[in-house]
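What follows is a single structure, written as structure tokens, with notes after it.
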Amino acid sequence: MKGTALNFIAVAFNQGSTLIVNIIVARILLKQIFGEYAMVQSTLLTVVTLSQLAIGYTASKYIAEYRSSDTERAGRIMGLCVLVSTMMAGVGALLLISLAPCLASNMLKAPHLASALMIGSGFVFFSTINGYQTGALSGLEAYGSLAKTGVASGIVAVVAISLGAWWGGLNGTIIGLSISAFIRCAIHSRWLRLESRMHGIVPQYRGSLSQEKEIVFKFVLPAAIAQCYSPPMIWLANSFLVRQPGGYGEMAIYSAAFSLRTLVMFLPGVMHNVGFSVLNNEKGKGDVARYQRIFRFNVLYIFFISLAGVLFVGILGRPILQLFGRDFWGGNFILWFLLASSLFDALAIALYQYILASEKTWSQFLGIVIPREMFLVVAAYYLVRSYGGVGLAFAVLSAALLGLIAHFILVAVLYRKEKCMLSYSIVQ
């Protein structure tokens with residue numbers, strides 16, 4: 001509960017700052033350019049997710065599992081994550097710079113957005129590294145440090161991005177986004193060094209890859225493939241909307257409604273960060289009964305918190321949308337579809353913890369991620385042409401429901417298997 005409260009502060013400032021920034025930027029840039037900003041930001045976040053290769057999840061899981069029982073191995077895993085995340089940050093930034101003209105012209109149908117995408121390479125570089133840092137701090141259960149960095153980086157983001165929008169329009173906004181990512185990365189780096197020292201963990205770089213190759217093939221590789229598969233599919237679904245007549249205006253309304261969905265999702269995100277670390281720490285101790293009890297509690301907790309968030313934001317949705325400007329009040333219908341999808345996704349996140357802790361990421365990727373994202377793209381392709389942003393929101397809702405059902409089936413199989421193994425060990 002203490003970890004939840006502290007992580008709540010960190011995520012509240014990060015997600016809250018995102019909502020505030022979007023409102024300010026929408027009022028400065030107005031509807032059309034805000035739609036362009038939303039699509040550029042979506043592209044940057046997609047590249048970041050591809051570049052991270054699930055290193056944040058890897059750091060969180062294995063540092064939590066070994067920080068008490070094997071500090072030397074935790075140090076090797078930390079060193080491995082540092083090397084991979086830094087290398088991939090550079091690769092992601094360089095690829096974005098080289099592909100920006102092609103993406104802007106062919107996919108976004110807006111060649112003038114190439115410069116904004118290139119400027120965003122700084123955001124890609126520092127945010128990729130930040131993904132590892134956040135995962136490592138969660139694995140150390142350093143929620144006090146995460147809270148402090150969340151407050152500081154949230155304030156910096158509001159100031160830097162808002163000033164950038166006022167000073168330089170769309171490109172200025174992306175410059176502000178990159179500056180805020182750099183400062184957040186620097187702050188996290190300082191606290192991670194302090195927390196690692198307190199736990200007696202020293203990052204080891206030499207030989208980390210060869211000694212931990214089992215983790216790479218068993219966990220990192222399938223999780224990375226899944227993480228590299230989903231964001232482009234989501235981005236592709238979004239691109240169907242902006243390629244329609246008046247699509248960037250529709251994207252502006254959809255993005256405003258999605259900001260409120262993100263606000264709801266930050267509560268399950270808090271519980272996921274805390275619960276995942278605690279769950280893996282218990283797994284490392286070998287107490288299967290307690291491990292499963294924590295999992296059940298976490299699922300129920302996330303469900304009720306998410307339901308409360310959906311109802312609260314749904315009731316206040318229309319007044320909040322009007323804060324973006326007079327052109328945004330009509331997004332209430334889109335908002336309710338997205339809020340319903342957030343409830344399904346929140347439960348899927350809670351179930352996903354068990355799959356990750358059980359190291360069944362290949363099963364999750366093949367049985368859940370691939371069919372869910374393919375369904376999203378196909379549904380969006382047909383629905384967007386007739387219903388615009390509403391069609392995209394309904395496609396997201398349908399894919400979320402499909403994903404929840406698939407997660408439930410896989411977790412039920414894993415849960416029953418571990419229960420049988422526990423009963424067998426008791427008999428023995």
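So you can find residues: chains in the structure tokens are A, B, ... in the order shown, residues in each start at 1, and ligands are numbered from 1 in order.
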Quick one: everything within 10 Å of A:Ala74, counting only C-alpha atoms, minus sequence neighbours fewer than 3 positions away in the same chain. Send it as a count of residues only.
22
Enumerate, as a ChimeraX atom specification, the complete set of residues in stretch 111-346 of chain A that a backbone-based DSSP assignment places in alpha helix (DSSP H).
/A:114-119,121-139,143-198,208-211,213-215,221-242,247-285,288-322,332-346
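Residue nearest A:Gln292 within the list A:Phe304, A:Arg261, A:Gly330, A:Lys417: A:Lys417 [criterion: smallest interatomic distance, only C-alpha atoms].
Across the model, the gap from atom CA of A:Ala223 to atom CA of A:Phe303 is 24.4 Å.
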Mind checking which residues fall within 9 Å of A:Leu117, counting only C-alpha atoms, ignoring those fewer than 2 positions away in the same chain, and posting them as number ranges by chain?
A: 40-41, 43-44, 96-97, 100-101, 103-104, 113-115, 119-121, 171, 174
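The smallest atom-to-atom distance between A:Arg293 and any of A:Tyr415, A:Pro245, A:Met374, A:Arg193, using only C-alpha atoms, is found for A:Tyr415.
For the set A:Lys218, A:Lys148, A:Arg73, A:Arg243, the residue with the smallest atom-to-atom gap to A:Gly389 is A:Arg243, counting only C-alpha atoms.
Each of A:Leu241, A:Leu335, A:Val216, A:Met39 was compared to A:Tyr387 using only C-alpha atoms, and A:Leu241 turns out to be the nearest.
Within the 9 Å cut-off around A:Cys228, using only C-alpha atoms and omitting residues fewer than 4 positions from it on the same chain, the listed residues are Thr46, Val47, Thr49, Leu50, Ser51, Gln52, Leu53, Ala54, Ala223, Ala224 and Pro232 of chain A.
Summary of the local environment: counting only C-alpha atoms, residues at most 8 Å from A:Phe328, other than itself and those fewer than 4 positions away along its chain, are Ile253, Ala256, Leu321, Gln322 and Phe324 of chain A.
With only C-alpha atoms as the basis for measurement, A:Leu19 is the residue among A:Leu19, A:Cys185, A:Leu311, A:Leu194 that approaches A:Ser255 most closely.
Every protein, DNA or RNA residue with an atom at most 10 Å from A:Ile24, where only C-alpha atoms count and chain neighbours fewer than 6 positions away do not, is listed here: Thr18, Leu30, Val158, Ile161, Ser162, Leu163, Ala165, Trp166, Leu323, Phe324 and Gly325 of chain A.
Near A:Gly176, within 7 Å and counting only C-alpha atoms, sit Ala160, Ile161, Gly164, Gly172 and Ser180 of chain A, not including residues fewer than 4 positions from it in the same chain.
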May I have the residues from that selection written out with C-alpha atoms, as a short mmCIF file (atom, residue, chain, number, x, y, z; two decimals), in the first residue's frame?
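Final file, selection.cif:
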data_model
loop_
_atom_site.label_atom_id
_atom_site.label_comp_id
_atom_site.auth_asym_id
_atom_site.auth_seq_id
_atom_site.Cartn_x
_atom_site.Cartn_y
_atom_site.Cartn_z
CA ALA A 160 9.10 23.06 -21.44
CA ILE A 161 6.39 21.83 -23.82
CA GLY A 164 7.91 25.40 -26.87
CA GLY A 172 8.79 24.18 -30.81
CA SER A 180 11.65 17.26 -20.92
#
